[in-house]
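Report on the structure given below.
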Amino acid sequence: MAGDDVLVNFSMVEKTYDGATLVIKNIDLDIHRGEFVTLLGPSGSGKTTTLMMLAGFETPTSGEITLNGRSINTLPPHRRNIGMVFQNYALFPHMTVEQNVAFPLEVRKVTAEETRRKVAEALDMVRLGDFGKRRPAQLSGGQQQRVALARALVFNPELVLMDEPLGALDKQLREHMQIEIKHLQKKLGITVVYVTHDQSEALTMSDRVAVFHDGVIQQIAPPDALYERPRNSFVANFIGENNNFSGELETTDGDRCTVRLANGDRLGARRVNVRGTGMPTSVSLRPERLFIGEPPAAGVNRLAATVSETIYFGDHVRVVMEAAGQSGLIARMLPTPDRPVPTPGDAVPVWFWPEDCRSLDPVRKTAEDA
């Protein structure tokens, strides 16, 4: 944890726009000083509404949001001392870079001499010290985003909110800016709340990630815990690639269980989020934990598979297979001279450790799946 003291607290916060449908449902969330927290989820999951309530552009229907222990439910945005960075940069096109960065200081009645000093420091911080006299139209997308970042940081806010700030950049520049923003956040010790629908961005940058779905935080945890120990099937399938085996819970022994698949095969797994025996479950397994070949020992899960497709990714080959009556099973393998990549149509054994499997709630079909 970045710090033990809580800077932001959401307590039983809900939000409705029409008085009937809740878009945010009973959110409880602590954000600590110096922490980088990402609100992650698909479109319509509630992450942006949550950020807008924290910024002051939306008001909670019920519950309370506090900043530094003080309720801010009715506090206007300009009195919250929060920096904001948007996807579209929101720069003033008629102003120079220096003037854009100086704007929050002028609003706060900072002296001209202090403004010049702070603007110069902020531009140097984002490596744009020589660009102060240019206008936004004379800058690249990445440079414009740096200006927006400098403007959000120039008045030393305790909290900076970022709403899909890298969404308009190309992949290479976006990845570069992810690292740059993270380094800057650590250097300054600021608290950042970041919104994105990009899971890799969230995993790369965050101290903790809050995964949203249907207006509810499904799980909040450090990136490695979300990936390795998802609490439910939504998190397992939204964070990274995932294999799902549908079946029913057959036996339990503490946190271990046996799952019977539709074709009669049985898998050993960790029992995480599933009801009693006989109930439907989805067994979650990451592709890198699925191995092609004969198992090295007894006590592992073993299935007979048929290769459907192989896809070359440079650092690995994705092997897509059918097994246990289910299609779309994925393994990642590193080809070696003594372990060539199988070809479509090959019958291959696959195996995986029971402790790498998590027995979760059944995967819910979406409209796209139907």
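All residue names refer to the structure tokens as shown: chains lettered A, B, ... in order, residues numbered from 1 in each chain, ligands numbered from 1 in order.
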
I'd like the contact shell of A:Val259 - 7 Å cut-off, only C-alpha atoms, skipping same-chain residues fewer than 6 positions apart - returned as a ChimeraX atom specification.
/A:247-250,266-268

Dump as a PDB file, in the first residue's frame, selection limited to N, CA, C and O atoms:
ATOM      1  N   GLY A 247     -18.870 -27.009 -16.214  1.00  0.00           N
ATOM      2  CA  GLY A 247     -19.216 -28.292 -15.633  1.00  0.00           C
ATOM      3  C   GLY A 247     -20.036 -28.092 -14.380  1.00  0.00           C
ATOM      4  O   GLY A 247     -20.656 -27.033 -14.191  1.00  0.00           O
ATOM      5  N   GLU A 248     -20.062 -29.106 -13.514  1.00  0.00           N
ATOM      6  CA  GLU A 248     -20.765 -28.981 -12.246  1.00  0.00           C
ATOM      7  C   GLU A 248     -19.882 -29.499 -11.124  1.00  0.00           C
ATOM      8  O   GLU A 248     -19.034 -30.379 -11.317  1.00  0.00           O
ATOM      9  N   LEU A 249     -20.069 -28.890  -9.955  1.00  0.00           N
ATOM     10  CA  LEU A 249     -19.267 -29.258  -8.793  1.00  0.00           C
ATOM     11  C   LEU A 249     -19.659 -30.665  -8.339  1.00  0.00           C
ATOM     12  O   LEU A 249     -20.824 -30.931  -8.046  1.00  0.00           O
ATOM     13  N   GLU A 250     -18.658 -31.561  -8.298  1.00  0.00           N
ATOM     14  CA  GLU A 250     -18.961 -32.954  -7.951  1.00  0.00           C
ATOM     15  C   GLU A 250     -18.613 -33.272  -6.503  1.00  0.00           C
ATOM     16  O   GLU A 250     -19.429 -33.828  -5.762  1.00  0.00           O
ATOM     17  N   ARG A 266     -13.170 -35.253 -15.601  1.00  0.00           N
ATOM     18  CA  ARG A 266     -13.140 -34.613 -14.294  1.00  0.00           C
ATOM     19  C   ARG A 266     -11.873 -33.783 -14.134  1.00  0.00           C
ATOM     20  O   ARG A 266     -10.796 -34.201 -14.562  1.00  0.00           O
ATOM     21  N   LEU A 267     -12.018 -32.628 -13.497  1.00  0.00           N
ATOM     22  CA  LEU A 267     -10.887 -31.744 -13.239  1.00  0.00           C
ATOM     23  C   LEU A 267     -10.791 -31.460 -11.748  1.00  0.00           C
ATOM     24  O   LEU A 267     -11.813 -31.227 -11.080  1.00  0.00           O
ATOM     25  N   GLY A 268      -9.557 -31.447 -11.231  1.00  0.00           N
ATOM     26  CA  GLY A 268      -9.313 -30.964  -9.881  1.00  0.00           C
ATOM     27  C   GLY A 268      -9.083 -29.462  -9.934  1.00  0.00           C
ATOM     28  O   GLY A 268      -8.495 -28.944 -10.879  1.00  0.00           O
TER      29      GLY A 268
END

Residues of stretch 218-308 of chain A that have any atom at most 12 Å from an atom of stretch 40-62 of chain A: could you tabulate them with the shortest-distance atom pair and the distance in Å to one decimal, using only C-alpha atoms, ordered by chain and increasing number, as a tab-separated table?
residue	atom	partner	partner_atom	distance
A:Gln218	CA	A:Gly41	CA	9.7
A:Gln219	CA	A:Leu40	CA	10.2
A:Ile220	CA	A:Leu40	CA	9.8
A:Ala221	CA	A:Leu40	CA	11.6
A:Pro223	CA	A:Leu40	CA	11.3
A:Leu226	CA	A:Leu40	CA	11.6
A:Phe234	CA	A:Gly41	CA	10.2
A:Val235	CA	A:Gly41	CA	9.5
A:Asn237	CA	A:Gly41	CA	11.6
A:Phe238	CA	A:Gly41	CA	8.0
A:Ile239	CA	A:Gly41	CA	9.6

Which polymer residues have any atom within 8 Å of an atom of A:Ala324, counting only C-alpha atoms, with same-chain residues fewer than 3 positions away left out, as a PyMOL selection string?
chain A and resi 261-263+265+303-305

Tell me which of A:Val37, A:Leu329, A:Val300, A:Cys257 sits closest to A:Val211, counting only C-alpha atoms.
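For A:Val211, the nearest of the candidates is A:Val37.
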
Please report, as an MDAnalysis selection string, each residue of stretch 137-255 of chain A to which DSSP assigns strand (DSSP E or B) when run on this structure's backbone.
chainID A and resid 159:163 191:196 208:213 216:221 243:253

Same residues, N, CA and C atoms, output as a compact mmCIF listing (two decimals), in the first residue's frame:
# COMPACT_ATOMS: atom_id res chain seq x y z
N LEU A 159 -4.62 15.31 -5.57
CA LEU A 159 -5.27 14.25 -6.32
C LEU A 159 -5.36 14.63 -7.79
N VAL A 160 -5.01 13.70 -8.67
CA VAL A 160 -5.14 13.91 -10.11
C VAL A 160 -6.03 12.82 -10.68
N LEU A 161 -7.04 13.22 -11.44
CA LEU A 161 -7.96 12.29 -12.08
C LEU A 161 -7.67 12.25 -13.57
N MET A 162 -7.61 11.05 -14.14
CA MET A 162 -7.31 10.89 -15.55
C MET A 162 -8.38 10.03 -16.20
N ASP A 163 -9.06 10.58 -17.20
CA ASP A 163 -10.16 9.89 -17.87
C ASP A 163 -9.72 9.47 -19.27
N THR A 191 -1.40 11.28 -5.74
CA THR A 191 -2.43 10.25 -5.81
C THR A 191 -3.13 10.38 -7.16
N VAL A 192 -3.26 9.27 -7.86
CA VAL A 192 -3.89 9.28 -9.18
C VAL A 192 -5.05 8.29 -9.19
N VAL A 193 -6.18 8.75 -9.72
CA VAL A 193 -7.31 7.87 -10.03
C VAL A 193 -7.48 7.91 -11.54
N TYR A 194 -7.38 6.76 -12.15
CA TYR A 194 -7.23 6.64 -13.61
C TYR A 194 -8.36 5.77 -14.14
N VAL A 195 -9.01 6.21 -15.20
CA VAL A 195 -10.08 5.43 -15.81
C VAL A 195 -9.65 4.91 -17.17
N THR A 196 -9.87 3.63 -17.41
CA THR A 196 -9.56 3.05 -18.72
C THR A 196 -10.40 1.79 -18.92
N ARG A 208 -3.29 -0.55 -7.51
CA ARG A 208 -4.48 -1.39 -7.39
C ARG A 208 -5.42 -1.07 -8.54
N VAL A 209 -6.22 -2.08 -8.90
CA VAL A 209 -7.20 -1.93 -9.97
C VAL A 209 -8.57 -2.30 -9.42
N ALA A 210 -9.56 -1.43 -9.66
CA ALA A 210 -10.95 -1.73 -9.31
C ALA A 210 -11.68 -2.11 -10.59
N VAL A 211 -12.11 -3.36 -10.67
CA VAL A 211 -12.80 -3.85 -11.87
C VAL A 211 -14.30 -3.62 -11.72
N PHE A 212 -14.87 -2.83 -12.64
CA PHE A 212 -16.28 -2.49 -12.60
C PHE A 212 -17.07 -3.34 -13.59
N HIS A 213 -18.30 -3.67 -13.19
CA HIS A 213 -19.25 -4.32 -14.10
C HIS A 213 -20.65 -4.10 -13.55
N VAL A 216 -21.04 -2.09 -10.30
CA VAL A 216 -20.53 -2.68 -9.06
C VAL A 216 -19.03 -2.94 -9.19
N ILE A 217 -18.26 -2.69 -8.13
CA ILE A 217 -16.85 -3.09 -8.11
C ILE A 217 -16.81 -4.60 -7.86
N GLN A 218 -16.43 -5.35 -8.88
CA GLN A 218 -16.38 -6.80 -8.78
C GLN A 218 -15.20 -7.26 -7.92
N GLN A 219 -14.09 -6.54 -8.03
CA GLN A 219 -12.91 -6.87 -7.23
C GLN A 219 -11.94 -5.69 -7.31
N ILE A 220 -11.30 -5.38 -6.21
CA ILE A 220 -10.22 -4.39 -6.22
C ILE A 220 -9.00 -5.03 -5.57
N ALA A 221 -7.88 -4.99 -6.29
CA ALA A 221 -6.68 -5.69 -5.82
C ALA A 221 -5.49 -5.22 -6.65
N ASN A 243 -9.02 -19.51 -20.16
CA ASN A 243 -9.76 -20.70 -20.58
C ASN A 243 -10.85 -21.00 -19.57
N ASN A 244 -12.03 -21.38 -20.06
CA ASN A 244 -13.15 -21.73 -19.20
C ASN A 244 -13.64 -23.14 -19.52
N PHE A 245 -13.74 -23.96 -18.51
CA PHE A 245 -14.33 -25.29 -18.64
C PHE A 245 -15.65 -25.30 -17.89
N SER A 246 -16.75 -25.51 -18.59
CA SER A 246 -18.06 -25.53 -17.95
C SER A 246 -18.36 -26.94 -17.43
N GLY A 247 -18.87 -27.01 -16.21
CA GLY A 247 -19.22 -28.29 -15.63
C GLY A 247 -20.04 -28.09 -14.38
N GLU A 248 -20.06 -29.11 -13.51
CA GLU A 248 -20.77 -28.98 -12.25
C GLU A 248 -19.88 -29.50 -11.12
N LEU A 249 -20.07 -28.89 -9.96
CA LEU A 249 -19.27 -29.26 -8.79
C LEU A 249 -19.66 -30.67 -8.34
N GLU A 250 -18.66 -31.56 -8.30
CA GLU A 250 -18.96 -32.95 -7.95
C GLU A 250 -18.61 -33.27 -6.50
N THR A 251 -17.40 -32.91 -6.08
CA THR A 251 -16.99 -33.16 -4.69
C THR A 251 -16.21 -31.96 -4.17
N THR A 252 -16.17 -31.82 -2.84
CA THR A 252 -15.38 -30.75 -2.22
C THR A 252 -14.57 -31.32 -1.07
N ASP A 253 -13.41 -30.70 -0.82
CA ASP A 253 -12.55 -31.06 0.30
C ASP A 253 -11.81 -29.80 0.72

When DSSP works through the backbone of this structure, what residues of stretch 242-370 of chain A end up as helix (DSSP H, G or I), shown as a PyMOL selection string?
chain A and resi 287-289+354-356

C-alpha atoms of the current selection, written as a PDB file, in the first residue's frame:
ATOM      1  CA  PRO A 287      -3.246 -20.123 -21.164  1.00  0.00           C
ATOM      2  CA  GLU A 288       0.354 -20.102 -19.911  1.00  0.00           C
ATOM      3  CA  ARG A 289      -0.584 -22.733 -17.304  1.00  0.00           C
ATOM      4  CA  PRO A 354      -5.181 -28.499 -10.204  1.00  0.00           C
ATOM      5  CA  GLU A 355      -3.843 -25.608  -8.094  1.00  0.00           C
ATOM      6  CA  ASP A 356      -3.764 -23.434 -11.239  1.00  0.00           C
TER       7      ASP A 356
END

Could you state the separation of atom CA of A:Pro280 and atom CA of A:Asp361 in Å, given to one decimal place?
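Answer for the atom CA of A:Pro280 to atom CA of A:Asp361 separation: 7.4 Å.
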
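With distances restricted to only C-alpha atoms, A:Gly264 is the closest residue to A:Gly325 from A:Gly264, A:Leu67, A:Arg271, A:Gly129.
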
For A:Glu175, please output as a PDB file with all heavy atoms, in the first residue's frame all residues within 9 Å (counting only C-alpha atoms; exclusion window: fewer than 4 positions along the same chain).
ATOM      1  N   LEU A 166      -4.940   8.365 -22.604  1.00  0.00           N
ATOM      2  CA  LEU A 166      -4.067   7.913 -23.693  1.00  0.00           C
ATOM      3  C   LEU A 166      -4.848   7.283 -24.843  1.00  0.00           C
ATOM      4  O   LEU A 166      -4.263   6.729 -25.766  1.00  0.00           O
ATOM      5  CB  LEU A 166      -3.040   6.906 -23.154  1.00  0.00           C
ATOM      6  CG  LEU A 166      -2.247   7.369 -21.927  1.00  0.00           C
ATOM      7  CD1 LEU A 166      -1.246   6.301 -21.503  1.00  0.00           C
ATOM      8  CD2 LEU A 166      -1.538   8.691 -22.196  1.00  0.00           C
ATOM      9  N   ASP A 170      -1.410   6.440 -30.591  1.00  0.00           N
ATOM     10  CA  ASP A 170      -1.136   5.138 -31.203  1.00  0.00           C
ATOM     11  C   ASP A 170      -0.485   4.212 -30.178  1.00  0.00           C
ATOM     12  O   ASP A 170      -0.039   4.637 -29.111  1.00  0.00           O
ATOM     13  CB  ASP A 170      -0.256   5.274 -32.444  1.00  0.00           C
ATOM     14  CG  ASP A 170       1.127   5.845 -32.142  1.00  0.00           C
ATOM     15  OD1 ASP A 170       1.854   5.243 -31.332  1.00  0.00           O
ATOM     16  OD2 ASP A 170       1.488   6.881 -32.722  1.00  0.00           O
ATOM     17  N   LYS A 171      -0.444   2.918 -30.508  1.00  0.00           N
ATOM     18  CA  LYS A 171      -0.052   1.901 -29.532  1.00  0.00           C
ATOM     19  C   LYS A 171       1.335   2.142 -28.939  1.00  0.00           C
ATOM     20  O   LYS A 171       1.523   2.097 -27.720  1.00  0.00           O
ATOM     21  CB  LYS A 171      -0.099   0.519 -30.191  1.00  0.00           C
ATOM     22  CG  LYS A 171       0.236  -0.639 -29.249  1.00  0.00           C
ATOM     23  CD  LYS A 171       0.086  -1.972 -29.968  1.00  0.00           C
ATOM     24  CE  LYS A 171       0.327  -3.149 -29.012  1.00  0.00           C
ATOM     25  NZ  LYS A 171       1.712  -3.204 -28.545  1.00  0.00           N
ATOM     26  N   ILE A 179       4.434   4.424 -19.117  1.00  0.00           N
ATOM     27  CA  ILE A 179       5.621   4.359 -18.261  1.00  0.00           C
ATOM     28  C   ILE A 179       5.987   5.750 -17.747  1.00  0.00           C
ATOM     29  O   ILE A 179       6.332   5.938 -16.577  1.00  0.00           O
ATOM     30  CB  ILE A 179       6.797   3.741 -19.040  1.00  0.00           C
ATOM     31  CG1 ILE A 179       6.454   2.295 -19.423  1.00  0.00           C
ATOM     32  CG2 ILE A 179       8.088   3.785 -18.229  1.00  0.00           C
ATOM     33  CD1 ILE A 179       7.417   1.659 -20.387  1.00  0.00           C
ATOM     34  N   GLU A 180       5.858   6.753 -18.627  1.00  0.00           N
ATOM     35  CA  GLU A 180       6.219   8.118 -18.253  1.00  0.00           C
ATOM     36  C   GLU A 180       5.305   8.640 -17.133  1.00  0.00           C
ATOM     37  O   GLU A 180       5.767   9.247 -16.161  1.00  0.00           O
ATOM     38  CB  GLU A 180       6.121   9.013 -19.492  1.00  0.00           C
ATOM     39  CG  GLU A 180       6.842  10.328 -19.340  1.00  0.00           C
ATOM     40  CD  GLU A 180       7.083  11.000 -20.677  1.00  0.00           C
ATOM     41  OE1 GLU A 180       7.692  10.376 -21.565  1.00  0.00           O
ATOM     42  OE2 GLU A 180       6.654  12.146 -20.823  1.00  0.00           O
ATOM     43  N   GLU A 201      -3.197  -1.618 -19.934  1.00  0.00           N
ATOM     44  CA  GLU A 201      -2.842  -0.309 -19.392  1.00  0.00           C
ATOM     45  C   GLU A 201      -3.023  -0.303 -17.879  1.00  0.00           C
ATOM     46  O   GLU A 201      -2.165   0.170 -17.133  1.00  0.00           O
ATOM     47  CB  GLU A 201      -3.739   0.748 -20.041  1.00  0.00           C
ATOM     48  CG  GLU A 201      -3.310   2.178 -19.799  1.00  0.00           C
ATOM     49  CD  GLU A 201      -4.053   3.119 -20.746  1.00  0.00           C
ATOM     50  OE1 GLU A 201      -3.607   3.272 -21.903  1.00  0.00           O
ATOM     51  OE2 GLU A 201      -5.073   3.692 -20.335  1.00  0.00           O
TER      52      GLU A 201
END

Give me the residues near A:Arg33 as a list in words, where near means some atom within 12 Å (using only C-alpha atoms) and where sequence neighbours in that chain fewer than 6 positions away do not count.
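Everything that qualifies: Met1, Ala2, Gly3, Asp4, Asp5, Val6, Leu7, Val8, Asn9, Leu67, Asn68, Pro157, Glu158, Leu159, Val160, Gln185, Lys186, Leu188, Gly189, Ile190, Thr191, Val192, Val193 and Asp207 of chain A.
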
Grab the residues selected above and save them as an mmCIF file, in the first residue's frame with N, CA and C atoms.
data_model
loop_
_atom_site.group_PDB
_atom_site.id
_atom_site.type_symbol
_atom_site.label_atom_id
_atom_site.label_comp_id
_atom_site.auth_asym_id
_atom_site.auth_seq_id
_atom_site.Cartn_x
_atom_site.Cartn_y
_atom_site.Cartn_z
ATOM 1 N N MET A 1 0.844 -1.187 0.000
ATOM 2 C CA MET A 1 0.000 0.000 0.000
ATOM 3 C C MET A 1 0.880 1.238 0.000
ATOM 4 N N ALA A 2 0.487 2.260 -0.817
ATOM 5 C CA ALA A 2 1.315 3.450 -0.946
ATOM 6 C C ALA A 2 1.337 4.265 0.334
ATOM 7 N N GLY A 3 0.292 4.207 1.113
ATOM 8 C CA GLY A 3 0.244 4.943 2.363
ATOM 9 C C GLY A 3 -0.911 4.433 3.193
ATOM 10 N N ASP A 4 -0.798 4.564 4.526
ATOM 11 C CA ASP A 4 -1.838 4.026 5.388
ATOM 12 C C ASP A 4 -3.020 4.981 5.529
ATOM 13 N N ASP A 5 -2.797 6.278 5.226
ATOM 14 C CA ASP A 5 -3.884 7.231 5.427
ATOM 15 C C ASP A 5 -4.749 7.327 4.171
ATOM 16 N N VAL A 6 -6.044 7.385 4.386
ATOM 17 C CA VAL A 6 -7.011 7.423 3.293
ATOM 18 C C VAL A 6 -7.200 8.865 2.836
ATOM 19 N N LEU A 7 -7.043 9.106 1.551
ATOM 20 C CA LEU A 7 -7.285 10.434 0.984
ATOM 21 C C LEU A 7 -8.721 10.552 0.496
ATOM 22 N N VAL A 8 -9.195 9.515 -0.204
ATOM 23 C CA VAL A 8 -10.551 9.525 -0.765
ATOM 24 C C VAL A 8 -11.320 8.332 -0.220
ATOM 25 N N ASN A 9 -12.584 8.575 0.154
ATOM 26 C CA ASN A 9 -13.448 7.482 0.597
ATOM 27 C C ASN A 9 -14.815 7.589 -0.074
ATOM 28 N N LEU A 67 -13.020 13.673 0.841
ATOM 29 C CA LEU A 67 -11.648 13.970 0.437
ATOM 30 C C LEU A 67 -10.951 14.576 1.644
ATOM 31 N N ASN A 68 -9.893 13.930 2.111
ATOM 32 C CA ASN A 68 -9.219 14.386 3.332
ATOM 33 C C ASN A 68 -10.172 14.407 4.521
ATOM 34 N N PRO A 157 -1.748 19.670 -6.960
ATOM 35 C CA PRO A 157 -2.952 19.086 -6.364
ATOM 36 C C PRO A 157 -2.613 17.820 -5.584
ATOM 37 N N GLU A 158 -3.421 17.518 -4.583
ATOM 38 C CA GLU A 158 -3.250 16.265 -3.842
ATOM 39 C C GLU A 158 -3.695 15.072 -4.672
ATOM 40 N N LEU A 159 -4.625 15.313 -5.574
ATOM 41 C CA LEU A 159 -5.267 14.249 -6.319
ATOM 42 C C LEU A 159 -5.364 14.630 -7.793
ATOM 43 N N VAL A 160 -5.009 13.701 -8.667
ATOM 44 C CA VAL A 160 -5.137 13.912 -10.109
ATOM 45 C C VAL A 160 -6.031 12.821 -10.678
ATOM 46 N N GLN A 185 4.322 9.982 -11.461
ATOM 47 C CA GLN A 185 3.476 9.831 -10.283
ATOM 48 C C GLN A 185 4.295 9.392 -9.075
ATOM 49 N N LYS A 186 5.196 8.444 -9.279
ATOM 50 C CA LYS A 186 6.034 7.965 -8.185
ATOM 51 C C LYS A 186 7.010 9.046 -7.714
ATOM 52 N N LEU A 188 6.659 12.312 -7.850
ATOM 53 C CA LEU A 188 5.994 13.412 -7.161
ATOM 54 C C LEU A 188 5.212 12.953 -5.939
ATOM 55 N N GLY A 189 4.946 11.644 -5.859
ATOM 56 C CA GLY A 189 4.186 11.128 -4.731
ATOM 57 C C GLY A 189 2.723 11.516 -4.745
ATOM 58 N N ILE A 190 2.189 11.821 -5.920
ATOM 59 C CA ILE A 190 0.797 12.248 -6.012
ATOM 60 C C ILE A 190 -0.138 11.036 -6.041
ATOM 61 N N THR A 191 -1.397 11.282 -5.741
ATOM 62 C CA THR A 191 -2.431 10.254 -5.812
ATOM 63 C C THR A 191 -3.131 10.378 -7.155
ATOM 64 N N VAL A 192 -3.263 9.275 -7.861
ATOM 65 C CA VAL A 192 -3.889 9.277 -9.182
ATOM 66 C C VAL A 192 -5.049 8.292 -9.194
ATOM 67 N N VAL A 193 -6.182 8.752 -9.718
ATOM 68 C CA VAL A 193 -7.309 7.870 -10.026
ATOM 69 C C VAL A 193 -7.480 7.908 -11.536
ATOM 70 N N ASP A 207 -1.154 0.596 -8.829
ATOM 71 C CA ASP A 207 -0.905 -0.091 -7.562
ATOM 72 C C ASP A 207 -2.061 -1.035 -7.258
#

Taking only C-alpha atoms into account, name the residue in A:Asn301, A:Ala331, A:Gly345, A:Ser206 that is nearest to A:Glu241.
A:Ala331
